[in-house]
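Okay, upload.txt is below, compact mmCIF, C-alpha atoms:
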```
# COMPACT_ATOMS: atom_id res chain seq x y z
CA MET A 1 113.78 64.25 118.17
CA LYS A 2 114.15 60.96 116.32
CA ALA A 3 110.40 60.64 115.94
CA ALA A 4 110.18 64.21 114.63
CA ALA A 5 113.03 63.58 112.20
CA ALA A 6 111.23 60.48 110.96
CA ARG A 7 108.24 62.72 110.15
CA GLY A 8 110.51 65.12 108.27
CA ARG A 9 110.60 67.76 110.98
CA LYS A 10 113.62 69.77 112.03
CA GLY A 11 114.22 71.44 115.36
CA GLY A 12 114.27 75.17 115.85
CA ARG A 13 112.44 78.23 114.76
CA ARG A 14 111.89 79.24 111.13
CA ARG A 15 114.00 82.10 109.80
CA LYS A 16 112.23 85.44 109.71
CA LEU A 17 114.08 86.86 106.69
CA SER A 18 114.15 85.09 103.34
CA ASP A 19 117.10 85.13 100.96
CA ASP A 20 115.38 87.88 98.96
CA ASP A 21 114.96 89.95 102.14
CA LEU A 22 118.64 89.51 102.96
CA THR A 23 119.66 90.62 99.46
CA MET A 24 117.48 93.72 99.72
CA ALA A 25 118.81 94.52 103.19
CA ARG A 26 122.42 94.29 101.96
CA ALA A 27 121.61 96.71 99.15
CA LEU A 28 119.92 99.14 101.54
CA LEU A 29 122.84 98.95 103.99
CA LYS A 30 125.19 100.24 101.30
CA ASP A 31 123.29 103.56 101.37
CA THR A 32 124.53 105.19 104.58
CA ASN A 33 121.67 107.73 104.49
CA ILE A 34 119.11 105.04 105.33
CA PRO A 35 118.97 104.33 109.08
CA VAL A 36 119.04 100.73 110.27
CA ALA A 37 115.72 101.29 112.05
CA GLN A 38 114.09 102.20 108.73
CA ILE A 39 115.53 99.12 107.00
CA ALA A 40 114.30 96.90 109.84
CA LYS A 41 110.84 98.47 109.66
CA ARG A 42 110.71 97.87 105.91
CA LEU A 43 111.51 94.19 106.52
CA ASN A 44 108.94 93.95 109.36
CA VAL A 45 111.52 92.97 111.96
CA SER A 46 112.88 94.67 115.05
CA ARG A 47 116.29 96.31 115.08
CA ALA A 48 117.47 93.51 117.37
CA THR A 49 116.42 90.87 114.84
CA PHE A 50 118.06 92.87 112.07
CA TYR A 51 121.34 93.05 113.99
CA ALA A 52 121.13 89.31 114.66
CA TYR A 53 121.31 88.78 110.89
CA PHE A 54 123.82 91.60 110.25
CA THR A 55 126.16 91.74 113.24
CA GLN A 56 128.58 94.09 111.45
CA ALA A 57 125.81 96.25 109.94
CA ARG A 58 127.42 99.67 110.14
CA SER A 59 130.29 99.12 112.54
CA LYS A 60 133.01 99.01 109.87
CA GLY A 61 132.01 102.37 108.45
CA LEU A 62 131.84 103.95 111.88
CA ALA A 63 135.16 102.47 112.93
CA SER A 64 136.94 103.85 109.87
CA GLU A 65 135.36 107.28 110.38
CA GLU A 66 136.46 107.30 114.02
CA SER A 67 140.03 106.35 113.16
CA SER A 68 140.24 109.04 110.48
CA ARG A 69 138.89 111.67 112.91
CA VAL A 70 141.41 110.67 115.54
CA SER A 71 144.30 110.80 113.08
CA GLN A 72 143.24 114.26 111.86
CA ASN A 73 143.12 115.77 115.36
CA PRO A 74 146.61 116.20 116.84
```
The structure in this file should be written as structure tokens.
Amino acid sequence: MKAAAARGRKGGRRRKLSDDDLTMARALLKDTNIPVAQIAKRLNVSRATFYAYFTQARSKGLASEESSRVSQNP
């Protein structure tokens, strides 16, 4: 590792999504009509890779919908 660092190399794999890709993905996530699979396809990554970047992708929205459904049903 020290020899690689001396040559200006870092360890690890390069990131698949750029900052511009992340900005676009955040904007697309705000539209709940667009499925995550479609956003991932547009970014040329798998859904698993997409969820690695956005661990909370749609879980907050689903959690709030579930809680409101439960509170409405006696």
What's around stretch 29-40 of chain A at 9 Å? Count only C-alpha atoms, leave out sequence neighbours fewer than 2 positions away in its own chain, and write the answer as a compact mmCIF listing (two decimals) with C-alpha atoms, in the frame of the given file.
```txt
# COMPACT_ATOMS: atom_id res chain seq x y z
CA MET A 24 117.48 93.72 99.72
CA ALA A 25 118.81 94.52 103.19
CA ARG A 26 122.42 94.29 101.96
CA ALA A 27 121.61 96.71 99.15
CA ARG A 42 110.71 97.87 105.91
CA LEU A 43 111.51 94.19 106.52
CA ASN A 44 108.94 93.95 109.36
CA VAL A 45 111.52 92.97 111.96
CA SER A 46 112.88 94.67 115.05
CA ARG A 47 116.29 96.31 115.08
CA ALA A 48 117.47 93.51 117.37
CA THR A 49 116.42 90.87 114.84
CA PHE A 50 118.06 92.87 112.07
CA TYR A 51 121.34 93.05 113.99
CA ALA A 57 125.81 96.25 109.94
CA ARG A 58 127.42 99.67 110.14
CA GLY A 61 132.01 102.37 108.45
```
- Atomic distance atom CA of A:Ala5 - atom CA of A:Asp19, expressed in Å with one decimal: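 Atom CA of A:Asp19 lies 24.6 Å from atom CA of A:Ala5.
Nearest to A:Lys16 of all the residues A:Tyr53, A:Lys2, A:Lys41, A:Leu28 is A:Tyr53, counting only C-alpha atoms.
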- Task: Could you jot down the atom CA of A:Gly11 to atom CA of A:Ala52 separation for me, Å, one decimal place?
- Result: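 Spanning atom CA of A:Gly11 to atom CA of A:Ala52 is a straight-line distance of 19.2 Å.
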- At what distance in Å, to one decimal, does atom CA of A:Gly12 lie from atom CA of A:Thr55?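 Atom CA of A:Gly12 lies at a distance of 20.6 Å from atom CA of A:Thr55.
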